[in-house]
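Enquirer: Got a file for you: run01.txt, compact mmCIF, C-alpha atoms.
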# COMPACT_ATOMS: atom_id res chain seq x y z
CA MET A 1 42.53 1.56 8.13
CA ALA A 2 43.17 -2.02 9.12
CA ALA A 3 46.34 -3.46 7.67
CA ASN A 4 44.57 -6.49 6.18
CA ASN A 5 42.28 -4.55 3.82
CA VAL A 6 43.02 -5.57 0.23
CA VAL A 7 41.56 -4.28 -3.04
CA LEU A 8 41.78 -6.05 -6.39
CA ILE A 9 41.19 -3.77 -9.37
CA LEU A 10 40.38 -5.65 -12.57
CA GLY A 11 41.11 -3.32 -15.48
CA ALA A 12 43.77 -0.75 -14.68
CA GLY A 13 43.60 2.06 -17.22
CA PRO A 14 45.27 5.47 -16.92
CA ARG A 15 42.19 7.34 -15.71
CA ILE A 16 39.76 5.40 -13.52
CA GLY A 17 42.01 2.43 -12.72
CA ALA A 18 45.05 4.48 -11.80
CA SER A 19 43.04 6.99 -9.76
CA VAL A 20 41.17 4.29 -7.86
CA ALA A 21 44.40 2.40 -7.13
CA GLY A 22 46.03 5.57 -5.81
CA LYS A 23 43.07 6.44 -3.61
CA PHE A 24 42.86 3.01 -2.00
CA ALA A 25 46.64 2.89 -1.49
CA SER A 26 46.47 6.26 0.27
CA ASN A 27 43.73 4.84 2.51
CA GLY A 28 46.04 2.07 3.65
CA TYR A 29 44.84 -0.76 1.45
CA LYS A 30 47.12 -3.34 -0.08
CA VAL A 31 46.47 -2.96 -3.80
CA ALA A 32 46.56 -5.38 -6.71
CA VAL A 33 45.75 -4.29 -10.26
CA ALA A 34 45.16 -6.59 -13.23
CA SER A 35 45.54 -5.57 -16.86
CA ARG A 36 46.76 -6.85 -20.21
CA SER A 37 50.14 -5.26 -19.52
CA GLY A 38 50.55 -6.64 -15.99
CA SER A 39 54.09 -7.50 -14.93
CA GLY A 40 53.55 -10.04 -12.16
CA THR A 41 55.58 -7.89 -9.78
CA LYS A 42 55.14 -5.04 -7.28
CA ASN A 43 56.03 -1.48 -8.19
CA VAL A 44 57.87 0.95 -5.93
CA GLU A 45 54.58 1.86 -4.21
CA GLY A 46 53.99 -1.79 -3.33
CA ILE A 47 51.12 -2.21 -5.82
CA LEU A 48 50.96 -5.73 -7.24
CA SER A 49 50.61 -5.80 -11.03
CA LEU A 50 48.97 -8.89 -12.55
CA LYS A 51 48.58 -9.86 -16.19
CA ALA A 52 45.00 -10.56 -17.26
CA ASP A 53 42.90 -11.34 -20.32
CA PHE A 54 39.31 -10.43 -19.50
CA ALA A 55 38.05 -12.01 -22.72
CA LYS A 56 38.85 -15.35 -21.03
CA PRO A 57 36.61 -15.72 -17.97
CA ASP A 58 38.32 -18.94 -16.91
CA SER A 59 41.49 -16.93 -16.23
CA ILE A 60 39.85 -14.87 -13.48
CA PRO A 61 40.17 -17.28 -10.51
CA ALA A 62 43.97 -17.34 -10.83
CA LEU A 63 44.05 -13.58 -10.18
CA PHE A 64 42.35 -14.04 -6.82
CA ASP A 65 44.72 -16.87 -5.95
CA ALA A 66 47.69 -14.64 -6.83
CA VAL A 67 46.39 -11.93 -4.49
CA LYS A 68 45.93 -14.48 -1.71
CA THR A 69 49.46 -15.76 -2.23
CA GLU A 70 51.01 -12.28 -2.18
CA PHE A 71 48.99 -10.65 0.61
CA HIS A 72 48.02 -13.79 2.59
CA THR A 73 44.34 -12.91 2.38
CA PHE A 74 41.66 -12.59 -0.27
CA PRO A 75 40.59 -9.09 -1.37
CA ASN A 76 37.69 -7.67 0.61
CA VAL A 77 37.08 -5.08 -2.12
CA VAL A 78 36.89 -6.08 -5.78
CA ILE A 79 36.54 -3.44 -8.49
CA TYR A 80 35.75 -4.44 -12.06
CA ASN A 81 36.82 -1.67 -14.39
CA ALA A 82 37.51 -3.50 -17.66
CA ALA A 83 35.33 -2.87 -20.72
CA SER A 84 35.28 -3.74 -24.40
CA LEU A 85 33.31 -2.73 -27.48
CA THR A 86 33.39 -3.31 -31.24
CA ASN A 87 32.46 -0.69 -33.80
CA PRO A 88 30.05 -2.00 -36.47
CA PRO A 89 32.10 -2.52 -39.66
CA ASP A 90 29.16 -1.24 -41.71
CA LYS A 91 28.39 2.21 -40.37
CA ASP A 92 24.86 2.00 -41.80
CA SER A 93 24.05 -1.31 -40.09
CA VAL A 94 24.29 -1.45 -36.32
CA LEU A 95 23.82 -5.23 -36.42
CA SER A 96 26.85 -5.76 -38.63
CA VAL A 97 29.04 -6.44 -35.57
CA PRO A 98 30.22 -10.06 -36.00
CA ALA A 99 28.73 -12.50 -33.54
CA ASP A 100 32.15 -13.64 -32.35
CA SER A 101 33.02 -10.01 -31.50
CA VAL A 102 29.76 -9.67 -29.57
CA ALA A 103 30.58 -12.84 -27.64
CA SER A 104 34.13 -11.70 -26.88
CA ASP A 105 32.93 -8.28 -25.69
CA LEU A 106 30.24 -9.90 -23.54
CA ASN A 107 32.95 -12.00 -21.93
CA VAL A 108 34.76 -8.81 -20.93
CA ASN A 109 31.69 -6.80 -19.96
CA THR A 110 29.52 -9.45 -18.31
CA VAL A 111 30.91 -12.97 -17.95
CA SER A 112 34.34 -12.13 -16.49
CA PRO A 113 32.90 -9.75 -13.88
CA TYR A 114 30.34 -12.44 -13.01
CA VAL A 115 33.16 -14.92 -12.43
CA ALA A 116 35.01 -12.25 -10.43
CA ALA A 117 31.93 -11.85 -8.23
CA GLN A 118 31.83 -15.60 -7.65
CA GLN A 119 35.48 -15.52 -6.65
CA ALA A 120 34.89 -12.49 -4.43
CA ILE A 121 32.26 -14.40 -2.45
CA ARG A 122 34.54 -17.42 -2.19
CA GLY A 123 37.16 -15.19 -0.60
CA TRP A 124 34.77 -13.15 1.55
CA GLU A 125 33.51 -16.28 3.26
CA THR A 126 37.02 -16.73 4.70
CA LEU A 127 37.29 -13.17 6.08
CA PRO A 128 36.26 -11.86 9.49
CA LYS A 129 32.59 -10.89 9.74
CA GLU A 130 33.45 -7.30 10.66
CA THR A 131 35.51 -6.76 7.49
CA LYS A 132 33.58 -4.68 4.97
CA LYS A 133 33.16 -6.48 1.68
CA SER A 134 32.26 -4.75 -1.59
CA PHE A 135 32.13 -5.55 -5.30
CA ILE A 136 32.11 -2.42 -7.46
CA TYR A 137 31.46 -2.51 -11.22
CA THR A 138 32.28 0.53 -13.32
CA GLY A 139 29.08 1.11 -15.24
CA ASN A 140 27.50 3.93 -17.20
CA ILE A 141 24.06 5.15 -18.24
CA LEU A 142 23.57 2.42 -20.87
CA ASN A 143 21.71 0.11 -18.48
CA VAL A 144 18.82 2.58 -18.28
CA SER A 145 19.09 4.65 -21.46
CA ILE A 146 19.22 3.70 -25.13
CA VAL A 147 21.94 5.83 -26.70
CA PRO A 148 21.49 5.77 -30.51
CA ALA A 149 25.18 5.33 -31.28
CA PRO A 150 26.20 2.14 -33.13
CA LEU A 151 29.56 2.11 -31.33
CA PHE A 152 27.78 1.46 -28.02
CA LEU A 153 25.77 -1.58 -29.15
CA ASP A 154 27.58 -4.47 -27.49
CA LEU A 155 28.94 -2.29 -24.69
CA GLY A 156 25.34 -1.44 -23.78
CA MET A 157 24.36 -5.11 -24.01
CA GLY A 158 27.10 -6.00 -21.54
CA LYS A 159 26.46 -3.14 -19.12
CA SER A 160 22.73 -3.87 -19.06
CA ALA A 161 23.25 -7.57 -18.40
CA SER A 162 25.75 -6.88 -15.65
CA ALA A 163 23.52 -4.30 -14.00
CA TYR A 164 20.83 -6.95 -13.67
CA TRP A 165 22.93 -9.61 -11.98
CA ILE A 166 24.61 -6.99 -9.76
CA GLY A 167 21.20 -5.81 -8.56
CA VAL A 168 20.10 -9.37 -7.84
CA ALA A 169 23.39 -10.15 -6.08
CA ASP A 170 23.12 -7.11 -3.83
CA ALA A 171 19.53 -7.98 -2.89
CA SER A 172 20.57 -11.56 -2.17
CA TYR A 173 23.80 -10.99 -0.22
CA SER A 174 23.54 -7.57 1.45
CA ALA A 175 22.09 -9.08 4.63
CA ARG A 176 25.40 -10.92 5.01
CA GLY A 177 27.34 -7.68 4.63
CA PHE A 178 28.31 -8.42 1.01
CA ARG A 179 27.56 -5.34 -1.10
CA PHE A 180 27.41 -5.13 -4.89
CA PHE A 181 27.39 -1.79 -6.71
CA TYR A 182 26.91 -0.69 -10.32
CA ALA A 183 28.72 2.69 -10.22
CA ASP A 184 27.66 5.22 -12.84
CA GLU A 185 29.12 8.74 -12.98
CA ARG A 186 26.70 11.32 -14.38
CA GLN A 187 26.63 15.00 -15.18
CA ALA A 188 24.92 17.14 -12.54
CA ASP A 189 21.67 17.07 -14.56
CA GLY A 190 21.75 13.29 -14.81
CA LYS A 191 22.89 13.12 -18.42
CA ILE A 192 25.56 10.72 -19.66
CA ILE A 193 29.07 11.76 -18.60
CA GLY A 194 30.75 10.30 -21.68
CA ALA A 195 34.40 11.19 -22.21
CA ALA A 196 34.24 13.79 -19.41
CA LEU A 197 34.37 11.13 -16.70
CA ASP A 198 36.66 11.96 -13.79
CA GLY A 199 39.14 9.42 -12.45
CA ALA A 200 39.63 11.10 -9.10
CA ALA A 201 35.86 11.32 -8.56
CA HIS A 202 35.66 7.57 -9.10
CA GLY A 203 38.41 7.05 -6.54
CA GLU A 204 36.62 9.13 -3.92
CA PHE A 205 33.24 7.52 -4.52
CA TYR A 206 34.57 3.97 -4.69
CA ALA A 207 36.33 4.47 -1.36
CA GLN A 208 32.99 5.52 0.16
CA LEU A 209 31.27 2.48 -1.30
CA ALA A 210 34.00 0.22 0.05
CA ASN A 211 33.35 1.60 3.54
CA HIS A 212 29.58 1.15 3.12
CA GLU A 213 29.14 4.87 3.85
CA GLY A 214 25.60 6.17 3.52
CA ASN A 215 22.58 4.24 2.33
CA VAL A 216 23.74 3.88 -1.26
CA PRO A 217 21.73 1.40 -3.36
CA TRP A 218 23.23 -1.07 -5.81
CA ASN A 219 22.52 1.32 -8.72
CA ALA A 220 25.06 3.83 -7.47
CA THR A 221 24.75 6.91 -9.68
CA PHE A 222 27.08 9.70 -8.62
CA VAL A 223 28.26 13.19 -9.48
CA LYS A 224 31.72 14.60 -8.99
CA SER A 225 32.11 16.40 -5.63
CA LYS A 226 28.60 15.33 -4.58
CA GLY A 227 28.77 11.56 -4.27
CA TYR A 228 25.60 9.53 -4.64
CA VAL A 229 22.74 11.29 -6.43
CA GLN A 230 19.51 9.54 -7.31
CA PHE A 231 18.20 10.14 -10.82
CA LYS A 232 14.79 9.13 -12.11
Is it possible to express this structure as structure tokens?
Expert:
Amino acid sequence: MAANNVVLILGAGPRIGASVAGKFASNGYKVAVASRSGSGTKNVEGILSLKADFAKPDSIPALFDAVKTEFHTFPNVVIYNAASLTNPPDKDSVLSVPADSVASDLNVNTVSPYVAAQQAIRGWETLPKETKKSFIYTGNILNVSIVPAPLFLDLGMGKSASAYWIGVADASYSARGFRFFYADERQADGKIIGAALDGAAHGEFYAQLANHEGNVPWNATFVKSKGYVQFK
């Protein structure tokens, strides 16, 4: 693994974020993670921790600049793992979620990753042509399946919107070596993984996507221990 490979992970929770960070670090990447609890310093493993508020899309560019300052290069792999949802206050009315909550959650689920993708391209254009460049968005089944659970309303809105622009971006930029993926872990039968999602499986699969291994499409559905699996 070349020493100048850098990954920026936006949204560093204890399962997917931590597992993905550990996997990329073990593969020789310089790693930066951004979260609400970021410290602005490196930990003992050399992972850079950045403070972020994903409800504020205009704060995203500064994260890329911080990575460039610390590692002297922009990240060639960007992983968006943040998510937000609001439970309807009236359990009998799915549309009781306040509009300002919907807007805030859409910022986290759609607008901030869109800005991150813009910043990724800005950085990729400065990197050597042979460097593999990937944007990976942690998705789920909600972009293709209506799950009748009020809790998922604005999460599903955000995932669906992001899946669309990610698909368009991959079609538009893949010829330049810029790949965009909507990663969606599933059960072996294709059903929603829900709370059974596996952090280590995300780490393994995201590392494969970062290396552009296999002919994986933008809608990157995968199963633990199997990798990419197409579901219809």
Enquirer: To one decimal place, how far is atom CA of Leu142 of chain A from atom CA of Leu50 of chain A in Å?
Expert: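 Separation of atom CA of Leu142 of chain A and atom CA of Leu50 of chain A: 29.0 Å.
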Enquirer: Select, from A:Thr221, A:Asn4, A:Ser145, A:Thr131, the residue with the minimum atom-to-atom distance to His72 of chain A, counting all atoms listed in the file.
Expert: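 Distance minimum relative to His72 of chain A lands on A:Asn4.
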Enquirer: Compile the contact shell of Ile193 of chain A as a ChimeraX atom specification: residues with an atom at most 12 Å away, counting all atoms listed in the file, same-chain residues fewer than 5 positions apart removed.
Expert: /A:139-142,184-188,198,221-224
Enquirer: For the residues in that selection, give me C-alpha atoms as a PDB file, keeping the file's coordinate frame.
Expert:
ATOM      1  CA  GLY A 139      29.080   1.110 -15.240  1.00  0.00           C
ATOM      2  CA  ASN A 140      27.500   3.930 -17.200  1.00  0.00           C
ATOM      3  CA  ILE A 141      24.060   5.150 -18.240  1.00  0.00           C
ATOM      4  CA  LEU A 142      23.570   2.420 -20.870  1.00  0.00           C
ATOM      5  CA  ASP A 184      27.660   5.220 -12.840  1.00  0.00           C
ATOM      6  CA  GLU A 185      29.120   8.740 -12.980  1.00  0.00           C
ATOM      7  CA  ARG A 186      26.700  11.320 -14.380  1.00  0.00           C
ATOM      8  CA  GLN A 187      26.630  15.000 -15.180  1.00  0.00           C
ATOM      9  CA  ALA A 188      24.920  17.140 -12.540  1.00  0.00           C
ATOM     10  CA  ASP A 198      36.660  11.960 -13.790  1.00  0.00           C
ATOM     11  CA  THR A 221      24.750   6.910  -9.680  1.00  0.00           C
ATOM     12  CA  PHE A 222      27.080   9.700  -8.620  1.00  0.00           C
ATOM     13  CA  VAL A 223      28.260  13.190  -9.480  1.00  0.00           C
ATOM     14  CA  LYS A 224      31.720  14.600  -8.990  1.00  0.00           C
TER      15      LYS A 224
END
Enquirer: Between atom CA of Ala116 of chain A and atom CA of Phe135 of chain A, measure the distance and give it in Å to one decimal.
Expert: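 Answer for the atom CA of Ala116 of chain A to atom CA of Phe135 of chain A separation: 8.9 Å.
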Enquirer: I'd like the neighbourhood of Val78 of chain A as a ChimeraX atom specification, where a residue qualifies if any of its atoms comes within 9 Å (using all atoms listed in the file), though same-chain residues fewer than 6 positions away should be ignored.
Expert: /A:6-10,116-117,120,133-137
Enquirer: Would you save the residues of that selection, restricted to C-alpha atoms, as a PDB file, in the frame of the given file?
Expert:
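Output saved as again_30.pdb:
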ATOM      1  CA  VAL A   6      43.020  -5.570   0.230  1.00  0.00           C
ATOM      2  CA  VAL A   7      41.560  -4.280  -3.040  1.00  0.00           C
ATOM      3  CA  LEU A   8      41.780  -6.050  -6.390  1.00  0.00           C
ATOM      4  CA  ILE A   9      41.190  -3.770  -9.370  1.00  0.00           C
ATOM      5  CA  LEU A  10      40.380  -5.650 -12.570  1.00  0.00           C
ATOM      6  CA  ALA A 116      35.010 -12.250 -10.430  1.00  0.00           C
ATOM      7  CA  ALA A 117      31.930 -11.850  -8.230  1.00  0.00           C
ATOM      8  CA  ALA A 120      34.890 -12.490  -4.430  1.00  0.00           C
ATOM      9  CA  LYS A 133      33.160  -6.480   1.680  1.00  0.00           C
ATOM     10  CA  SER A 134      32.260  -4.750  -1.590  1.00  0.00           C
ATOM     11  CA  PHE A 135      32.130  -5.550  -5.300  1.00  0.00           C
ATOM     12  CA  ILE A 136      32.110  -2.420  -7.460  1.00  0.00           C
ATOM     13  CA  TYR A 137      31.460  -2.510 -11.220  1.00  0.00           C
TER      14      TYR A 137
END
Enquirer: Which one of A:Pro113, A:Gly17, A:Gly46, A:Pro217 sits closest to His202 of chain A if you count all atoms listed in the file?
Expert: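 Among the listed residues, A:Gly17 lies closest to His202 of chain A.
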Enquirer: Interatomic distance between atom CA of Val111 of chain A and atom CA of Ser59 of chain A?
Expert: 11.4 Å
